[in-house]
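Q: Sharing work.tsv, TSV, N, CA and C atoms:
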```
chain	number	residue	atom	x	y	z
W	1	MET	N	0.83	-1.19	0.00
W	1	MET	CA	0.00	0.00	0.00
W	1	MET	C	0.87	1.25	0.00
W	2	THR	N	0.43	2.27	-0.70
W	2	THR	CA	1.14	3.54	-0.71
W	2	THR	C	0.71	4.38	0.50
W	3	ASP	N	1.44	5.46	0.76
W	3	ASP	CA	1.05	6.40	1.82
W	3	ASP	C	-0.35	6.94	1.57
W	4	ARG	N	-0.67	7.23	0.31
W	4	ARG	CA	-2.01	7.74	-0.03
W	4	ARG	C	-3.08	6.70	0.29
W	5	ASP	N	-2.81	5.45	-0.04
W	5	ASP	CA	-3.77	4.37	0.25
W	5	ASP	C	-3.99	4.24	1.76
W	6	ASP	N	-2.89	4.21	2.51
W	6	ASP	CA	-2.99	4.11	3.98
W	6	ASP	C	-3.77	5.27	4.56
W	7	PHE	N	-3.49	6.47	4.08
W	7	PHE	CA	-4.17	7.66	4.59
W	7	PHE	C	-5.66	7.59	4.27
W	8	LEU	N	-6.00	7.19	3.06
W	8	LEU	CA	-7.41	7.10	2.67
W	8	LEU	C	-8.15	6.07	3.53
W	9	VAL	N	-7.52	4.97	3.86
W	9	VAL	CA	-8.14	3.99	4.76
W	9	VAL	C	-8.39	4.64	6.12
W	10	TRP	N	-7.44	5.41	6.63
W	10	TRP	CA	-7.60	6.09	7.92
W	10	TRP	C	-8.76	7.09	7.86
W	11	VAL	N	-8.83	7.87	6.78
W	11	VAL	CA	-9.90	8.87	6.63
W	11	VAL	C	-11.27	8.19	6.63
W	12	THR	N	-11.39	7.08	5.92
W	12	THR	CA	-12.69	6.43	5.77
W	12	THR	C	-13.04	5.51	6.94
W	13	SER	N	-12.15	5.38	7.88
W	13	SER	CA	-12.44	4.52	9.04
W	13	SER	C	-12.32	5.33	10.34
W	14	VAL	N	-11.13	5.62	10.76
W	14	VAL	CA	-10.90	6.29	12.05
W	14	VAL	C	-11.51	7.69	12.06
W	15	LEU	N	-11.20	8.49	11.06
W	15	LEU	CA	-11.75	9.85	11.00
W	15	LEU	C	-13.27	9.81	10.89
W	16	TYR	N	-13.79	8.96	10.05
W	16	TYR	CA	-15.25	8.84	9.88
W	16	TYR	C	-15.93	8.50	11.20
W	17	ARG	N	-15.41	7.50	11.91
W	17	ARG	CA	-16.01	7.09	13.19
W	17	ARG	C	-15.95	8.21	14.22
W	18	ALA	N	-14.86	8.97	14.22
W	18	ALA	CA	-14.73	10.09	15.17
W	18	ALA	C	-15.78	11.17	14.89
W	19	GLU	N	-16.05	11.44	13.62
W	19	GLU	CA	-17.04	12.46	13.29
W	19	GLU	C	-18.46	11.99	13.63
W	20	VAL	N	-18.76	10.73	13.39
W	20	VAL	CA	-20.08	10.20	13.76
W	20	VAL	C	-20.25	10.28	15.27
W	21	ALA	N	-19.22	9.89	16.03
W	21	ALA	CA	-19.30	9.96	17.49
W	21	ALA	C	-19.54	11.39	17.96
W	22	LEU	N	-18.83	12.36	17.38
W	22	LEU	CA	-19.03	13.76	17.77
W	22	LEU	C	-20.47	14.17	17.53
W	23	HIS	N	-21.01	13.80	16.38
W	23	HIS	CA	-22.38	14.19	16.05
W	23	HIS	C	-23.42	13.43	16.87
W	24	ASN	N	-22.97	12.42	17.62
W	24	ASN	CA	-23.82	11.73	18.59
W	24	ASN	C	-23.56	12.23	20.01
W	25	GLY	N	-22.76	13.29	20.13
W	25	GLY	CA	-22.52	13.89	21.44
W	25	GLY	C	-21.26	13.44	22.15
W	26	ASP	N	-20.41	12.66	21.51
W	26	ASP	CA	-19.19	12.16	22.13
W	26	ASP	C	-17.96	12.75	21.45
W	27	PRO	N	-17.34	13.78	22.05
W	27	PRO	CA	-16.16	14.40	21.43
W	27	PRO	C	-14.87	13.62	21.64
W	28	GLY	N	-14.89	12.57	22.48
W	28	GLY	CA	-13.67	11.83	22.79
W	28	GLY	C	-12.91	11.29	21.59
W	29	PRO	N	-13.59	10.59	20.68
W	29	PRO	CA	-12.85	10.08	19.51
W	29	PRO	C	-12.26	11.19	18.63
W	30	ARG	N	-12.95	12.34	18.52
W	30	ARG	CA	-12.36	13.43	17.74
W	30	ARG	C	-11.13	13.98	18.44
W	31	ARG	N	-11.21	14.17	19.75
W	31	ARG	CA	-10.04	14.65	20.49
W	31	ARG	C	-8.86	13.70	20.30
W	32	ALA	N	-9.15	12.40	20.28
W	32	ALA	CA	-8.09	11.39	20.20
W	32	ALA	C	-7.32	11.46	18.88
W	33	ILE	N	-7.96	11.94	17.82
W	33	ILE	CA	-7.26	11.99	16.52
W	33	ILE	C	-6.70	13.37	16.23
W	34	TRP	N	-6.83	14.30	17.17
W	34	TRP	CA	-6.27	15.63	16.99
W	34	TRP	C	-4.89	15.70	17.62
W	35	SER	N	-4.02	16.43	16.98
W	35	SER	CA	-2.66	16.61	17.47
W	35	SER	C	-2.69	17.26	18.85
W	36	ARG	N	-1.77	16.85	19.69
W	36	ARG	CA	-1.57	17.49	20.99
W	36	ARG	C	-0.37	18.42	20.91
W	37	ASN	N	0.13	18.63	19.69
W	37	ASN	CA	1.28	19.52	19.47
W	37	ASN	C	0.80	20.79	18.78
W	38	GLU	N	1.20	21.92	19.31
W	38	GLU	CA	0.88	23.20	18.67
W	38	GLU	C	1.67	23.32	17.37
W	39	PRO	N	1.15	24.03	16.39
W	39	PRO	CA	-0.13	24.73	16.40
W	39	PRO	C	-1.28	23.81	15.98
W	40	VAL	N	-2.45	24.05	16.57
W	40	VAL	CA	-3.70	23.44	16.15
W	40	VAL	C	-4.73	24.56	16.08
W	41	SER	N	-5.68	24.41	15.14
W	41	SER	CA	-6.67	25.48	14.97
W	41	SER	C	-7.91	24.96	14.27
W	42	VAL	N	-9.01	25.68	14.49
W	42	VAL	CA	-10.27	25.40	13.84
W	42	VAL	C	-10.85	26.73	13.39
W	43	LEU	N	-11.19	26.82	12.12
W	43	LEU	CA	-12.00	27.91	11.60
W	43	LEU	C	-13.34	27.26	11.28
W	44	GLY	N	-14.22	27.28	12.26
W	44	GLY	CA	-15.42	26.48	12.20
W	44	GLY	C	-16.62	27.19	11.62
W	45	ALA	N	-17.61	26.39	11.27
W	45	ALA	CA	-18.86	26.93	10.73
W	45	ALA	C	-19.59	27.73	11.80
W	46	TRP	N	-19.40	27.35	13.08
W	46	TRP	CA	-20.11	28.04	14.15
W	46	TRP	C	-19.19	28.75	15.11
W	47	ARG	N	-17.92	28.30	15.20
W	47	ARG	CA	-17.00	28.87	16.20
W	47	ARG	C	-15.56	28.56	15.80
W	48	ASN	N	-14.67	29.48	16.09
W	48	ASN	CA	-13.25	29.30	15.81
W	48	ASN	C	-12.51	28.95	17.09
W	49	ALA	N	-11.33	28.34	16.93
W	49	ALA	CA	-10.48	28.01	18.07
W	49	ALA	C	-9.03	28.00	17.61
W	50	SER	N	-8.15	28.46	18.50
W	50	SER	CA	-6.72	28.46	18.21
W	50	SER	C	-5.98	28.00	19.45
W	51	GLY	N	-5.19	26.96	19.32
W	51	GLY	CA	-4.45	26.41	20.45
W	51	GLY	C	-5.21	25.26	21.10
W	52	LEU	N	-4.45	24.43	21.80
W	52	LEU	CA	-5.01	23.21	22.39
W	52	LEU	C	-6.17	23.49	23.35
W	53	GLU	N	-6.03	24.48	24.20
W	53	GLU	CA	-7.07	24.76	25.18
W	53	GLU	C	-8.38	25.15	24.50
W	54	GLN	N	-8.31	26.07	23.53
W	54	GLN	CA	-9.52	26.48	22.84
W	54	GLN	C	-10.12	25.35	22.00
W	55	VAL	N	-9.27	24.55	21.37
W	55	VAL	CA	-9.77	23.44	20.57
W	55	VAL	C	-10.49	22.43	21.46
W	56	ASP	N	-9.91	22.11	22.62
W	56	ASP	CA	-10.57	21.20	23.56
W	56	ASP	C	-11.91	21.76	24.03
W	57	GLU	N	-11.95	23.07	24.34
W	57	GLU	CA	-13.20	23.70	24.76
W	57	GLU	C	-14.25	23.64	23.65
W	58	LEU	N	-13.82	23.86	22.41
W	58	LEU	CA	-14.74	23.80	21.27
W	58	LEU	C	-15.32	22.40	21.13
W	59	PHE	N	-14.48	21.38	21.19
W	59	PHE	CA	-14.97	20.01	21.04
W	59	PHE	C	-15.94	19.64	22.15
W	60	ALA	N	-15.66	20.08	23.38
W	60	ALA	CA	-16.58	19.82	24.49
W	60	ALA	C	-17.93	20.49	24.23
W	61	ALA	N	-17.90	21.73	23.76
W	61	ALA	CA	-19.16	22.44	23.47
W	61	ALA	C	-19.93	21.77	22.33
W	62	LEU	N	-19.22	21.33	21.29
W	62	LEU	CA	-19.89	20.64	20.20
W	62	LEU	C	-20.51	19.33	20.68
W	63	GLY	N	-19.80	18.62	21.54
W	63	GLY	CA	-20.32	17.38	22.09
W	63	GLY	C	-21.61	17.61	22.88
W	64	GLN	N	-21.69	18.74	23.57
W	64	GLN	CA	-22.90	19.06	24.32
W	64	GLN	C	-24.04	19.49	23.40
W	65	SER	N	-23.71	20.04	22.24
W	65	SER	CA	-24.74	20.53	21.31
W	65	SER	C	-25.32	19.42	20.43
W	66	PHE	N	-24.46	18.48	19.99
W	66	PHE	CA	-24.88	17.46	19.04
W	66	PHE	C	-25.48	16.24	19.74
W	67	SER	N	-26.45	15.61	19.06
W	67	SER	CA	-27.00	14.33	19.51
W	67	SER	C	-27.77	13.70	18.35
W	68	ASP	N	-28.11	12.44	18.52
W	68	ASP	CA	-29.01	11.74	17.60
W	68	ASP	C	-28.60	11.84	16.14
W	69	CYS	N	-27.34	11.54	15.85
W	69	CYS	CA	-26.89	11.54	14.46
W	69	CYS	C	-27.52	10.36	13.73
W	70	THR	N	-28.31	10.67	12.72
W	70	THR	CA	-28.94	9.60	11.94
W	70	THR	C	-28.27	9.42	10.58
W	71	ALA	N	-27.46	10.39	10.18
W	71	ALA	CA	-26.73	10.25	8.91
W	71	ALA	C	-25.50	11.15	8.93
W	72	TYR	N	-24.38	10.58	8.49
W	72	TYR	CA	-23.15	11.34	8.29
W	72	TYR	C	-22.43	10.73	7.11
W	73	SER	N	-22.04	11.57	6.17
W	73	SER	CA	-21.20	11.10	5.07
W	73	SER	C	-20.22	12.19	4.71
W	74	PHE	N	-19.07	11.76	4.22
W	74	PHE	CA	-18.03	12.70	3.79
W	74	PHE	C	-17.76	12.44	2.32
W	75	ASP	N	-18.11	13.39	1.50
W	75	ASP	CA	-17.89	13.32	0.06
W	75	ASP	C	-16.51	13.91	-0.22
W	76	LEU	N	-15.50	13.07	-0.25
W	76	LEU	CA	-14.12	13.51	-0.43
W	76	LEU	C	-13.93	14.03	-1.85
W	77	GLN	N	-13.56	15.30	-1.96
W	77	GLN	CA	-13.35	15.94	-3.26
W	77	GLN	C	-11.89	15.87	-3.71
W	78	ALA	N	-10.98	16.03	-2.72
W	78	ALA	CA	-9.55	16.03	-3.03
W	78	ALA	C	-8.77	15.68	-1.78
W	79	PHE	N	-7.62	15.04	-1.97
W	79	PHE	CA	-6.71	14.78	-0.85
W	79	PHE	C	-5.34	14.50	-1.41
W	80	ASP	N	-4.35	14.67	-0.55
W	80	ASP	CA	-3.00	14.30	-0.93
W	80	ASP	C	-2.19	14.07	0.33
W	81	VAL	N	-1.11	13.34	0.16
W	81	VAL	CA	-0.15	13.08	1.21
W	81	VAL	C	1.22	13.44	0.66
W	82	VAL	N	1.94	14.28	1.40
W	82	VAL	CA	3.30	14.66	1.03
W	82	VAL	C	4.16	14.48	2.27
W	83	GLY	N	4.91	13.41	2.29
W	83	GLY	CA	5.72	13.12	3.47
W	83	GLY	C	4.83	12.88	4.69
W	84	ASP	N	5.05	13.66	5.74
W	84	ASP	CA	4.29	13.53	6.97
W	84	ASP	C	3.17	14.56	7.08
W	85	MET	N	2.78	15.13	5.95
W	85	MET	CA	1.66	16.09	5.92
W	85	MET	C	0.63	15.58	4.91
W	86	ALA	N	-0.64	15.91	5.19
W	86	ALA	CA	-1.72	15.52	4.28
W	86	ALA	C	-2.85	16.53	4.42
W	87	TYR	N	-3.76	16.49	3.45
W	87	TYR	CA	-4.96	17.32	3.54
W	87	TYR	C	-6.13	16.57	2.93
W	88	THR	N	-7.33	16.98	3.35
W	88	THR	CA	-8.56	16.53	2.71
W	88	THR	C	-9.43	17.75	2.47
W	89	ALA	N	-10.22	17.68	1.42
W	89	ALA	CA	-11.22	18.71	1.14
W	89	ALA	C	-12.45	18.00	0.62
W	90	GLY	N	-13.60	18.35	1.18
W	90	GLY	CA	-14.81	17.69	0.74
W	90	GLY	C	-16.05	18.27	1.39
W	91	LEU	N	-17.14	17.55	1.20
W	91	LEU	CA	-18.43	17.98	1.73
W	91	LEU	C	-18.89	16.99	2.79
W	92	GLU	N	-19.24	17.50	3.96
W	92	GLU	CA	-19.80	16.70	5.03
W	92	GLU	C	-21.32	16.88	5.02
W	93	HIS	N	-22.03	15.79	4.90
W	93	HIS	CA	-23.50	15.80	4.92
W	93	HIS	C	-23.93	15.21	6.26
W	94	VAL	N	-24.67	16.00	7.04
W	94	VAL	CA	-24.99	15.61	8.41
W	94	VAL	C	-26.49	15.75	8.66
W	95	THR	N	-27.04	14.74	9.32
W	95	THR	CA	-28.38	14.83	9.88
W	95	THR	C	-28.24	14.45	11.35
W	96	ALA	N	-28.46	15.42	12.22
W	96	ALA	CA	-28.32	15.22	13.66
W	96	ALA	C	-29.11	16.31	14.37
W	97	SER	N	-29.27	16.14	15.67
W	97	SER	CA	-29.90	17.20	16.45
W	97	SER	C	-28.81	18.16	16.93
W	98	VAL	N	-29.12	19.45	16.85
W	98	VAL	CA	-28.24	20.49	17.36
W	98	VAL	C	-29.04	21.23	18.42
W	99	ASP	N	-28.57	21.17	19.66
W	99	ASP	CA	-29.30	21.74	20.79
W	99	ASP	C	-30.74	21.24	20.83
W	100	GLY	N	-30.90	19.95	20.56
W	100	GLY	CA	-32.21	19.31	20.63
W	100	GLY	C	-33.10	19.47	19.42
W	101	GLU	N	-32.67	20.24	18.43
W	101	GLU	CA	-33.47	20.47	17.22
W	101	GLU	C	-32.91	19.64	16.06
W	102	PRO	N	-33.72	18.76	15.48
W	102	PRO	CA	-33.25	17.99	14.32
W	102	PRO	C	-32.87	18.92	13.17
W	103	ARG	N	-31.70	18.64	12.57
W	103	ARG	CA	-31.22	19.45	11.45
W	103	ARG	C	-30.51	18.58	10.44
W	104	SER	N	-30.53	19.03	9.20
W	104	SER	CA	-29.71	18.46	8.14
W	104	SER	C	-28.96	19.60	7.50
W	105	TYR	N	-27.68	19.40	7.28
W	105	TYR	CA	-26.88	20.47	6.68
W	105	TYR	C	-25.66	19.87	5.99
W	106	THR	N	-25.05	20.68	5.15
W	106	THR	CA	-23.83	20.30	4.46
W	106	THR	C	-22.76	21.34	4.76
W	107	LEU	N	-21.58	20.86	5.12
W	107	LEU	CA	-20.44	21.73	5.36
W	107	LEU	C	-19.35	21.46	4.33
W	108	ARG	N	-18.71	22.52	3.86
W	108	ARG	CA	-17.45	22.37	3.14
W	108	ARG	C	-16.39	22.21	4.21
W	109	ALA	N	-15.60	21.18	4.14
W	109	ALA	CA	-14.61	20.90	5.18
W	109	ALA	C	-13.25	20.63	4.56
W	110	THR	N	-12.27	21.37	5.03
W	110	THR	CA	-10.88	21.17	4.63
W	110	THR	C	-10.09	20.94	5.91
W	111	GLN	N	-9.28	19.89	5.91
W	111	GLN	CA	-8.48	19.60	7.09
W	111	GLN	C	-7.03	19.35	6.68
W	112	VAL	N	-6.13	19.68	7.62
W	112	VAL	CA	-4.69	19.48	7.45
W	112	VAL	C	-4.25	18.50	8.53
W	113	TYR	N	-3.41	17.54	8.14
W	113	TYR	CA	-2.99	16.47	9.03
W	113	TYR	C	-1.47	16.40	9.10
W	114	ARG	N	-0.99	15.93	10.25
W	114	ARG	CA	0.44	15.64	10.44
W	114	ARG	C	0.57	14.19	10.89
W	115	ARG	N	1.57	13.52	10.39
W	115	ARG	CA	1.87	12.18	10.89
W	115	ARG	C	2.80	12.36	12.09
W	116	GLU	N	2.33	11.89	13.25
W	116	GLU	CA	3.09	12.03	14.48
W	116	GLU	C	3.27	10.64	15.09
W	117	ASN	N	4.53	10.24	15.26
W	117	ASN	CA	4.83	8.91	15.80
W	117	ASN	C	4.11	7.82	15.01
W	118	GLY	N	4.05	7.99	13.69
W	118	GLY	CA	3.47	6.98	12.82
W	118	GLY	C	1.96	7.02	12.70
W	119	GLU	N	1.27	7.96	13.37
W	119	GLU	CA	-0.19	8.06	13.33
W	119	GLU	C	-0.61	9.41	12.76
W	120	TRP	N	-1.69	9.40	11.99
W	120	TRP	CA	-2.23	10.65	11.47
W	120	TRP	C	-2.97	11.39	12.56
W	121	LYS	N	-2.73	12.69	12.65
W	121	LYS	CA	-3.39	13.58	13.60
W	121	LYS	C	-3.86	14.82	12.84
W	122	VAL	N	-5.03	15.32	13.21
W	122	VAL	CA	-5.55	16.54	12.60
W	122	VAL	C	-4.88	17.72	13.28
W	123	ALA	N	-4.44	18.70	12.48
W	123	ALA	CA	-3.81	19.90	13.02
W	123	ALA	C	-4.65	21.15	12.75
W	124	HIS	N	-5.46	21.11	11.70
W	124	HIS	CA	-6.28	22.28	11.36
W	124	HIS	C	-7.55	21.82	10.65
W	125	ARG	N	-8.63	22.53	10.93
W	125	ARG	CA	-9.91	22.28	10.26
W	125	ARG	C	-10.51	23.62	9.87
W	126	HIS	N	-11.03	23.67	8.67
W	126	HIS	CA	-11.85	24.79	8.23
W	126	HIS	C	-13.16	24.21	7.73
W	127	GLY	N	-14.26	24.68	8.29
W	127	GLY	CA	-15.57	24.24	7.85
W	127	GLY	C	-16.51	25.41	7.71
W	128	ASP	N	-17.27	25.42	6.66
W	128	ASP	CA	-18.31	26.44	6.52
W	128	ASP	C	-19.53	25.85	5.85
W	129	THR	N	-20.66	26.48	6.11
W	129	THR	CA	-21.93	25.99	5.60
W	129	THR	C	-22.06	26.26	4.14
W	130	VAL	N	-22.52	25.27	3.42
W	130	VAL	CA	-22.79	25.42	1.99
W	130	VAL	C	-24.11	26.19	1.86
W	131	ASN	N	-24.09	27.22	1.07
W	131	ASN	CA	-25.29	28.01	0.81
W	131	ASN	C	-26.04	27.35	-0.32
W	132	PRO	N	-27.23	26.79	-0.06
W	132	PRO	CA	-27.94	26.07	-1.12
W	132	PRO	C	-28.36	26.97	-2.29
W	133	ALA	N	-28.39	28.27	-2.09
W	133	ALA	CA	-28.79	29.19	-3.16
W	133	ALA	C	-27.61	29.51	-4.09
W	134	ALA	N	-26.41	29.15	-3.67
W	134	ALA	CA	-25.22	29.50	-4.47
W	134	ALA	C	-25.02	28.55	-5.62
```
Have the structure of the file written as structure tokens, please.

A:
Amino acid sequence: MTDRDDFLVWVTSVLYRAEVALHNGDPGPRRAIWSRNEPVSVLGAWRNASGLEQVDELFAALGQSFSDCTAYSFDLQAFDVVGDMAYTAGLEHVTASVDGEPRSYTLRATQVYRRENGEWKVAHRHGDTVNPAA
């Protein structure tokens, strides 16, 4: 398997499961795949965070907001691996409750990854809501 193949398997398994867990109210698996080495950052659809403390606070808040995920898919548009760095860009389609209200939405999501001690870790995320009128 190539580095790209290995990374794609990780994205479609470990990363996927972490996102489903978050949307069911459990931020633990997402925290586990995020780097514990600075810099880390999120430019989020609802809130931004910079640094480990803010990122941890953001994930805790998202875990409290999300529940009852009935559908999650990631439509991978592009990705690459260059040495110990990688990125993904795609569309996240989510149906879950947000603060108790059922919602369906699509986010454009771009993430940057670092390989640390042989494991992929997320270092940066940018997500924004797709405007259906655009």

Q: Expressed in Å to a single decimal, how great is the separation between atom CA of W:Cys69 and atom C of W:Ala86?

A: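 Value for the atom CA of W:Cys69-atom C of W:Ala86 distance: 26.5 Å.
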
Q: Please compute the atom CA of W:Gln54-atom CA of W:Trp34 distance, one decimal, in Å.

A: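 So the answer is 12.7 Å.
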
Q: Please identify all polymer residues within 8 Å of stretch 99-116 of chain W, counting only N, CA and C atoms, omitting same-chain residues fewer than 6 positions from it, and present them as a list in words.

A: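 Residues near the query, excluding close chain neighbours: Ser35, Ala45, Gln64, Ser65, Phe66, Ser67, Asp68, Gly83, Asp84, Met85, Ala86, Tyr87, Thr88, Ala89, Gly90, Leu91, Glu92, His93, Val122, Ala123, His124, Arg125, His126, Gly127, Asp128, Thr129, Val130 and Asn131 of chain W.
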
Q: By how many Å are atom N of W:Ser41 and atom C of W:Glu57 apart?

A: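 Going from atom N of W:Ser41 over to atom C of W:Glu57 covers 12.1 Å.
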
Q: Per residue of stretch 48-99 of chain W within 8 Å of stretch 16-33 of chain W, note the shortest atom pair and the distance in Å to one decimal, counting all atoms listed in the file, and order the rows by chain and increasing residue number, as a tab-separated table.

A:
```
residue	atom	partner	partner_atom	distance
W:Val55	C	W:Arg31	CA	7.9
W:Asp56	CA	W:Arg31	CA	7.3
W:Phe59	C	W:Pro27	CA	5.3
W:Ala60	N	W:Pro27	CA	6.0
W:Ala61	N	W:Pro27	CA	7.9
W:Leu62	C	W:Gly25	CA	5.8
W:Gly63	CA	W:Gly25	C	4.1
W:Gln64	N	W:Gly25	CA	5.4
W:Ser65	C	W:Gly25	CA	6.3
W:Phe66	C	W:Gly25	N	4.0
W:Ser67	CA	W:Asn24	C	4.1
W:Asp68	N	W:Asn24	CA	4.3
W:Cys69	N	W:Asn24	CA	4.5
W:Thr70	N	W:His23	C	7.0
W:Ala71	C	W:Val20	CA	7.3
W:Tyr72	CA	W:Val20	CA	6.4
W:Ser73	C	W:Tyr16	CA	7.9
W:Phe74	N	W:Tyr16	CA	7.4
W:Thr95	C	W:His23	C	7.4
W:Ala96	CA	W:His23	C	6.1
W:Ser97	N	W:His23	C	6.6
```

Q: Hey, can you spit out that residue selection with N, CA and C atoms as a PDB file, in the coordinates of the input?

A:
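Dumped everything to result-v4.pdb:
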```pdb
ATOM      1  N   VAL W  55      -9.270  24.550  21.370  1.00  0.00           N
ATOM      2  CA  VAL W  55      -9.770  23.440  20.570  1.00  0.00           C
ATOM      3  C   VAL W  55     -10.490  22.430  21.460  1.00  0.00           C
ATOM      4  N   ASP W  56      -9.910  22.110  22.620  1.00  0.00           N
ATOM      5  CA  ASP W  56     -10.570  21.200  23.560  1.00  0.00           C
ATOM      6  C   ASP W  56     -11.910  21.760  24.030  1.00  0.00           C
ATOM      7  N   PHE W  59     -14.480  21.380  21.190  1.00  0.00           N
ATOM      8  CA  PHE W  59     -14.970  20.010  21.040  1.00  0.00           C
ATOM      9  C   PHE W  59     -15.940  19.640  22.150  1.00  0.00           C
ATOM     10  N   ALA W  60     -15.660  20.080  23.380  1.00  0.00           N
ATOM     11  CA  ALA W  60     -16.580  19.820  24.490  1.00  0.00           C
ATOM     12  C   ALA W  60     -17.930  20.490  24.230  1.00  0.00           C
ATOM     13  N   ALA W  61     -17.900  21.730  23.760  1.00  0.00           N
ATOM     14  CA  ALA W  61     -19.160  22.440  23.470  1.00  0.00           C
ATOM     15  C   ALA W  61     -19.930  21.770  22.330  1.00  0.00           C
ATOM     16  N   LEU W  62     -19.220  21.330  21.290  1.00  0.00           N
ATOM     17  CA  LEU W  62     -19.890  20.640  20.200  1.00  0.00           C
ATOM     18  C   LEU W  62     -20.510  19.330  20.680  1.00  0.00           C
ATOM     19  N   GLY W  63     -19.800  18.620  21.540  1.00  0.00           N
ATOM     20  CA  GLY W  63     -20.320  17.380  22.090  1.00  0.00           C
ATOM     21  C   GLY W  63     -21.610  17.610  22.880  1.00  0.00           C
ATOM     22  N   GLN W  64     -21.690  18.740  23.570  1.00  0.00           N
ATOM     23  CA  GLN W  64     -22.900  19.060  24.320  1.00  0.00           C
ATOM     24  C   GLN W  64     -24.040  19.490  23.400  1.00  0.00           C
ATOM     25  N   SER W  65     -23.710  20.040  22.240  1.00  0.00           N
ATOM     26  CA  SER W  65     -24.740  20.530  21.310  1.00  0.00           C
ATOM     27  C   SER W  65     -25.320  19.420  20.430  1.00  0.00           C
ATOM     28  N   PHE W  66     -24.460  18.480  19.990  1.00  0.00           N
ATOM     29  CA  PHE W  66     -24.880  17.460  19.040  1.00  0.00           C
ATOM     30  C   PHE W  66     -25.480  16.240  19.740  1.00  0.00           C
ATOM     31  N   SER W  67     -26.450  15.610  19.060  1.00  0.00           N
ATOM     32  CA  SER W  67     -27.000  14.330  19.510  1.00  0.00           C
ATOM     33  C   SER W  67     -27.770  13.700  18.350  1.00  0.00           C
ATOM     34  N   ASP W  68     -28.110  12.440  18.520  1.00  0.00           N
ATOM     35  CA  ASP W  68     -29.010  11.740  17.600  1.00  0.00           C
ATOM     36  C   ASP W  68     -28.600  11.840  16.140  1.00  0.00           C
ATOM     37  N   CYS W  69     -27.340  11.540  15.850  1.00  0.00           N
ATOM     38  CA  CYS W  69     -26.890  11.540  14.460  1.00  0.00           C
ATOM     39  C   CYS W  69     -27.520  10.360  13.730  1.00  0.00           C
ATOM     40  N   THR W  70     -28.310  10.670  12.720  1.00  0.00           N
ATOM     41  CA  THR W  70     -28.940   9.600  11.940  1.00  0.00           C
ATOM     42  C   THR W  70     -28.270   9.420  10.580  1.00  0.00           C
ATOM     43  N   ALA W  71     -27.460  10.390  10.180  1.00  0.00           N
ATOM     44  CA  ALA W  71     -26.730  10.250   8.910  1.00  0.00           C
ATOM     45  C   ALA W  71     -25.500  11.150   8.930  1.00  0.00           C
ATOM     46  N   TYR W  72     -24.380  10.580   8.490  1.00  0.00           N
ATOM     47  CA  TYR W  72     -23.150  11.340   8.290  1.00  0.00           C
ATOM     48  C   TYR W  72     -22.430  10.730   7.110  1.00  0.00           C
ATOM     49  N   SER W  73     -22.040  11.570   6.170  1.00  0.00           N
ATOM     50  CA  SER W  73     -21.200  11.100   5.070  1.00  0.00           C
ATOM     51  C   SER W  73     -20.220  12.190   4.710  1.00  0.00           C
ATOM     52  N   PHE W  74     -19.070  11.760   4.220  1.00  0.00           N
ATOM     53  CA  PHE W  74     -18.030  12.700   3.790  1.00  0.00           C
ATOM     54  C   PHE W  74     -17.760  12.440   2.320  1.00  0.00           C
ATOM     55  N   THR W  95     -27.040  14.740   9.320  1.00  0.00           N
ATOM     56  CA  THR W  95     -28.380  14.830   9.880  1.00  0.00           C
ATOM     57  C   THR W  95     -28.240  14.450  11.350  1.00  0.00           C
ATOM     58  N   ALA W  96     -28.460  15.420  12.220  1.00  0.00           N
ATOM     59  CA  ALA W  96     -28.320  15.220  13.660  1.00  0.00           C
ATOM     60  C   ALA W  96     -29.110  16.310  14.370  1.00  0.00           C
ATOM     61  N   SER W  97     -29.270  16.140  15.670  1.00  0.00           N
ATOM     62  CA  SER W  97     -29.900  17.200  16.450  1.00  0.00           C
ATOM     63  C   SER W  97     -28.810  18.160  16.930  1.00  0.00           C
TER      64      SER W  97
END
```

Q: DSSP on the backbone, then: every residue of chain W marked helix (DSSP H, G or I), written as a PyMOL selection string.

A: chain W and resi 3-23+28-32+52-65

Q: Between W:Leu15, W:Glu38, W:Asn117, W:Asp80, which residue has the minimum interatomic distance to W:Ser50, considering only C-alpha atoms?

A: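 So, comparing all the options, the nearest one is W:Glu38.
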
Q: Mind the document's chain letters and residue numbers, and return as a ChimeraX atom specification the residues of chain W that DSSP labels strand (DSSP E or B).

A: /W:34,41-43,48-50,66-82,85-98,101-116,119-129

Q: Residues within 8 Å of W:Leu58, please, as an MDAnalysis selection string. Count all atoms listed in the file; anything in the same chain fewer than 6 positions from it doesn't count.

A: chainID W and resid 47:49 52 64

Q: Generate the coordinates of N, CA, C and O atoms for stretch 36-40 of chain W; report them as a PDB file, keeping the file's coordinate frame.

A:
```pdb
ATOM      1  N   ARG W  36      -1.770  16.850  19.690  1.00  0.00           N
ATOM      2  CA  ARG W  36      -1.570  17.490  20.990  1.00  0.00           C
ATOM      3  C   ARG W  36      -0.370  18.420  20.910  1.00  0.00           C
ATOM      4  O   ARG W  36       0.091  18.938  21.924  1.00  0.00           O
ATOM      5  N   ASN W  37       0.130  18.630  19.690  1.00  0.00           N
ATOM      6  CA  ASN W  37       1.280  19.520  19.470  1.00  0.00           C
ATOM      7  C   ASN W  37       0.800  20.790  18.780  1.00  0.00           C
ATOM      8  O   ASN W  37       0.093  20.723  17.774  1.00  0.00           O
ATOM      9  N   GLU W  38       1.200  21.920  19.310  1.00  0.00           N
ATOM     10  CA  GLU W  38       0.880  23.200  18.670  1.00  0.00           C
ATOM     11  C   GLU W  38       1.670  23.320  17.370  1.00  0.00           C
ATOM     12  O   GLU W  38       2.747  22.750  17.249  1.00  0.00           O
ATOM     13  N   PRO W  39       1.150  24.030  16.390  1.00  0.00           N
ATOM     14  CA  PRO W  39      -0.130  24.730  16.400  1.00  0.00           C
ATOM     15  C   PRO W  39      -1.280  23.810  15.980  1.00  0.00           C
ATOM     16  O   PRO W  39      -1.101  22.926  15.138  1.00  0.00           O
ATOM     17  N   VAL W  40      -2.450  24.050  16.570  1.00  0.00           N
ATOM     18  CA  VAL W  40      -3.700  23.440  16.150  1.00  0.00           C
ATOM     19  C   VAL W  40      -4.730  24.560  16.080  1.00  0.00           C
ATOM     20  O   VAL W  40      -4.663  25.531  16.828  1.00  0.00           O
TER      21      VAL W  40
END
```
